[in-house]
Amino acid sequence: MTHWLQRQAAVRDRGGLVRRPLPRAADEQFIDLASNDYLGLSADPRLTDAAAAAASRWGSGATSSRLVAGTTQLHLDLEQELASLAGMETALVFSSGYLANIGVITALGGPGTLIVADEQCHASMIDGFRLSRSRMESFTHNDLEEASRLLADRTEPRALIAVESLYSVLGDEAPLVDLLALAEQHDAVLLVDEAHSLGVTGTGDFQGRGSVAGTALAGHPNVIVTATLSKALGSQGGAVLGSPLLREHLINRARSFIFDTGLAPASAAAALAAVRIVRDEPWRAGTVHSNAAALAAGLAPALAALGATVFPTAGAVQSIAMPSAESALAAAEAARAAGVRIGCFRPPSVPDGVSRLRLTARATQTPREIDDSCAVLRSILEELP
């Protein structure tokens, strides 16, 4: 095993694929274009105070699984208000978004379920597919005709279409209304991962409530939503949202719910505070979109010179394709040295094998921070070979 591990390390090193956790100081002065704290809520006193109060009252951990002694009134309140925010009937909270996806997919999967998934689905969904024992077919990103053909040829009695409402690497959105029509046509369930859209997308009275709320998908019997509490909501945990019948099924069949210690009360309280802020302060989502547009505009000249383009997306994520994993890593390290933290996505984190720089707009970024970060990134991109 030791020799195999050494060979694996050498392969990663040669390919520019080495990853290392970089410790973040509590008072660091970096301009943050890397985190998923889209609304800037992770350090909001309303969340930290709620978390501290919950820890003082309920203790530092849930103490057991949700089915033993790990459910508090905080969990139930969070589920009720989260479902209301997203326009779904019920919610069930897991200890992470990763486990929420694995839980719902494995609980609905099996030899009698065909899974048809967008090729850009997140790793948590892919792992759920593998664990589900279902036959799984992937379709070209956002290609509805290919997805329809796969569904039409199925022999299984049940089918699950899996997509993200906003894709975490490319930053583009799924055609959800058309996907719902596809699900209805083929008697399938549409699973929508709202990890990167809850708190960010939505229009009119539903601004910030995600891509499902306020649409024909909200509360539809053919639609299931998964979400994370650790991105725009600034806390920790995940959730599955759907019908009461689905919730009851997951409580009894989702192994990542049954056999996992419940979400810590402090995290549940912080997420509950965040849900209320998203509901009451929709301007935060609007600021994310404005800052995303400003980032795109600030980088446009440098990208045009390279023959590349970055477009304002439906959410916070800006994706810039890079020539290689090595060039992406070098660019990210150069930006960090200049005081700007950006994301660096390399295989196998990118399903299409294209290394990218990933920039995230946040509601709390100032115009000065955007201007300064764009200046840094322009200088780095202009020096690319």
# chains A, B, ... in the order shown; residues from 1 in each chain; ligands from 1
>>> residues_around(residues="Ser324 (chain A)", least_positions_apart="5", cutoff="12 Å", atoms="only C-alpha atoms", output="ChimeraX atom specification")
/A:15-17,329-331,344-347,353-357,384-385
>>> write_last_selection(atoms="N, CA and C atoms", output="compact mmCIF listing (two decimals), in the first residue's frame")
# COMPACT_ATOMS: atom_id res chain seq x y z
N GLY A 15 0.94 16.02 -12.68
CA GLY A 15 -0.20 16.59 -13.39
C GLY A 15 -0.69 17.91 -12.84
N GLY A 16 0.00 18.46 -11.85
CA GLY A 16 -0.46 19.72 -11.25
C GLY A 16 -1.78 19.58 -10.52
N LEU A 17 -2.02 18.39 -9.93
CA LEU A 17 -3.31 18.09 -9.31
C LEU A 17 -3.24 17.95 -7.80
N LEU A 329 -3.59 26.52 -11.49
CA LEU A 329 -2.99 26.55 -10.16
C LEU A 329 -2.05 27.75 -10.02
N ALA A 330 -1.25 28.00 -11.05
CA ALA A 330 -0.33 29.13 -10.98
C ALA A 330 -1.08 30.45 -10.87
N ALA A 331 -2.18 30.58 -11.60
CA ALA A 331 -2.97 31.81 -11.54
C ALA A 331 -3.58 32.00 -10.15
N CYS A 344 -9.85 27.39 -7.67
CA CYS A 344 -9.09 26.73 -8.72
C CYS A 344 -9.65 25.32 -8.86
N PHE A 345 -10.33 25.05 -9.94
CA PHE A 345 -10.97 23.74 -10.16
C PHE A 345 -10.19 22.97 -11.22
N ARG A 346 -9.70 21.79 -10.84
CA ARG A 346 -8.93 20.93 -11.74
C ARG A 346 -9.53 19.52 -11.69
N PRO A 347 -9.24 18.70 -12.71
CA PRO A 347 -9.72 17.32 -12.66
C PRO A 347 -9.26 16.65 -11.36
N GLY A 353 -13.25 17.83 -17.55
CA GLY A 353 -11.81 17.77 -17.62
C GLY A 353 -11.14 19.09 -17.94
N VAL A 354 -11.90 20.19 -17.98
CA VAL A 354 -11.34 21.51 -18.29
C VAL A 354 -11.07 22.26 -16.99
N SER A 355 -9.81 22.55 -16.73
CA SER A 355 -9.45 23.29 -15.52
C SER A 355 -9.96 24.72 -15.62
N ARG A 356 -10.38 25.24 -14.47
CA ARG A 356 -11.00 26.56 -14.47
C ARG A 356 -10.60 27.36 -13.23
N LEU A 357 -10.64 28.67 -13.40
CA LEU A 357 -10.68 29.57 -12.25
C LEU A 357 -12.15 29.82 -11.95
N LEU A 384 -0.58 35.12 -19.19
CA LEU A 384 -0.68 33.71 -19.56
C LEU A 384 0.04 33.46 -20.88
N PRO A 385 0.76 32.33 -20.99
CA PRO A 385 1.45 32.04 -22.25
C PRO A 385 0.46 31.78 -23.39
>>> closest_atom_pairs(of="region 24-93 of chain A", to="region 248-266 of chain A", cutoff="10 Å", atoms="only C-alpha atoms", output="Markdown table")
| residue | atom | partner | partner_atom | distance |
| --- | --- | --- | --- | --- |
| A:Leu47 | CA | A:Ala266 | CA | 9.2 |
| A:Thr48 | CA | A:Ala266 | CA | 8.6 |
| A:Asp49 | CA | A:Ala266 | CA | 9.5 |
| A:Ala50 | CA | A:Ala266 | CA | 7.2 |
| A:Ala51 | CA | A:Ala266 | CA | 4.1 |
| A:Ala52 | CA | A:Ala266 | CA | 6.5 |
| A:Ala53 | CA | A:Ala266 | CA | 7.6 |
| A:Ala54 | CA | A:Ala266 | CA | 5.1 |
| A:Ala55 | CA | A:Ala266 | CA | 5.2 |
| A:Ser56 | CA | A:Ala266 | CA | 8.8 |
| A:Arg57 | CA | A:Pro265 | CA | 8.9 |
| A:Trp58 | CA | A:Pro265 | CA | 6.5 |
| A:Gly59 | CA | A:Pro265 | CA | 7.4 |
| A:Ser60 | CA | A:Ala264 | CA | 6.7 |
| A:Gly61 | CA | A:Ala264 | CA | 4.6 |
| A:Ala62 | CA | A:Ala264 | CA | 4.8 |
| A:Thr63 | CA | A:Thr261 | CA | 6.9 |
| A:Ser64 | CA | A:Thr261 | CA | 4.8 |
| A:Ser65 | CA | A:Thr261 | CA | 4.0 |
| A:Arg66 | CA | A:Gly262 | CA | 5.0 |
| A:Leu67 | CA | A:Ile258 | CA | 6.6 |
| A:Val68 | CA | A:Ile258 | CA | 9.2 |
| A:Ala69 | CA | A:Gly262 | CA | 8.7 |
| A:Gly70 | CA | A:Gly262 | CA | 5.2 |
| A:Thr71 | CA | A:Gly262 | CA | 6.9 |
| A:Thr72 | CA | A:Pro265 | CA | 7.5 |
| A:Gln73 | CA | A:Pro265 | CA | 9.4 |
| A:Leu74 | CA | A:Pro265 | CA | 6.9 |
| A:His75 | CA | A:Pro265 | CA | 7.6 |
| A:Leu92 | CA | A:Leu250 | CA | 8.2 |
| A:Val93 | CA | A:Leu263 | CA | 7.6 |
>>> residues_around(residues="Gly199 (chain A)", least_positions_apart="3", cutoff="12 Å", atoms="only C-alpha atoms", output="ChimeraX atom specification")
/A:36-41,82,85-86,166,194-196,202-203,206-213,227-234,271,274-289,315-316,362-363
>>> closest_residue(among="A:Ile102, A:Val116, A:Val169, A:Leu377", to="Ser132 (chain A)", atoms="only C-alpha atoms")
A:Ile102
>>> closest_residue(among="A:Leu198, A:Ile31, A:Leu182, A:Met322", to="Thr366 (chain A)", atoms="only C-alpha atoms")
A:Ile31
>>> residues_around(residues="region 121-127 of chain A", least_positions_apart="6", cutoff="7 Å", atoms="only C-alpha atoms", output="count of residues only")
5
>>> select_by_dssp(residues="region 167-358 of chain A", states="strand (DSSP E)", output="ChimeraX atom specification")
/A:189-193,223-228,238-242,317-321,340-345,356-358
>>> closest_residue(among="A:Ala34, A:Ala337, A:Leu217, A:Ala26", to="Pro175 (chain A)", atoms="only C-alpha atoms")
A:Leu217
>>> atom_distance(atom1="CA of Val104 (chain A)", atom2="CA of Asp178 (chain A)")
22.6 Å
>>> closest_residue(among="A:Leu272, A:Leu33, A:Leu246, A:Met136", to="Ser84 (chain A)", atoms="only C-alpha atoms")
A:Leu272
>>> closest_residue(among="A:Ser349, A:Gln80, A:Thr360, A:Asn222", to="Ile320 (chain A)", atoms="only C-alpha atoms")
A:Thr360
>>> closest_residue(among="A:Leu295, A:Ala10, A:Ala181, A:Ala100", to="Ala239 (chain A)", atoms="only C-alpha atoms")
A:Ala100
>>> residues_around(residues="region 142-159 of chain A", least_positions_apart="3", cutoff="12 Å", atoms="only C-alpha atoms", output="JSON, numbers by chain")
{"A": [105, 108, 109, 110, 111, 112, 113, 114, 115, 116, 117, 118, 119, 120, 121, 134, 135, 136, 137, 138, 139, 162, 163, 164, 165, 166, 167, 170, 172, 173, 174, 175, 176, 177, 178, 179, 180, 181, 182, 183, 184, 185, 186, 187, 188, 189, 190, 191, 222]}
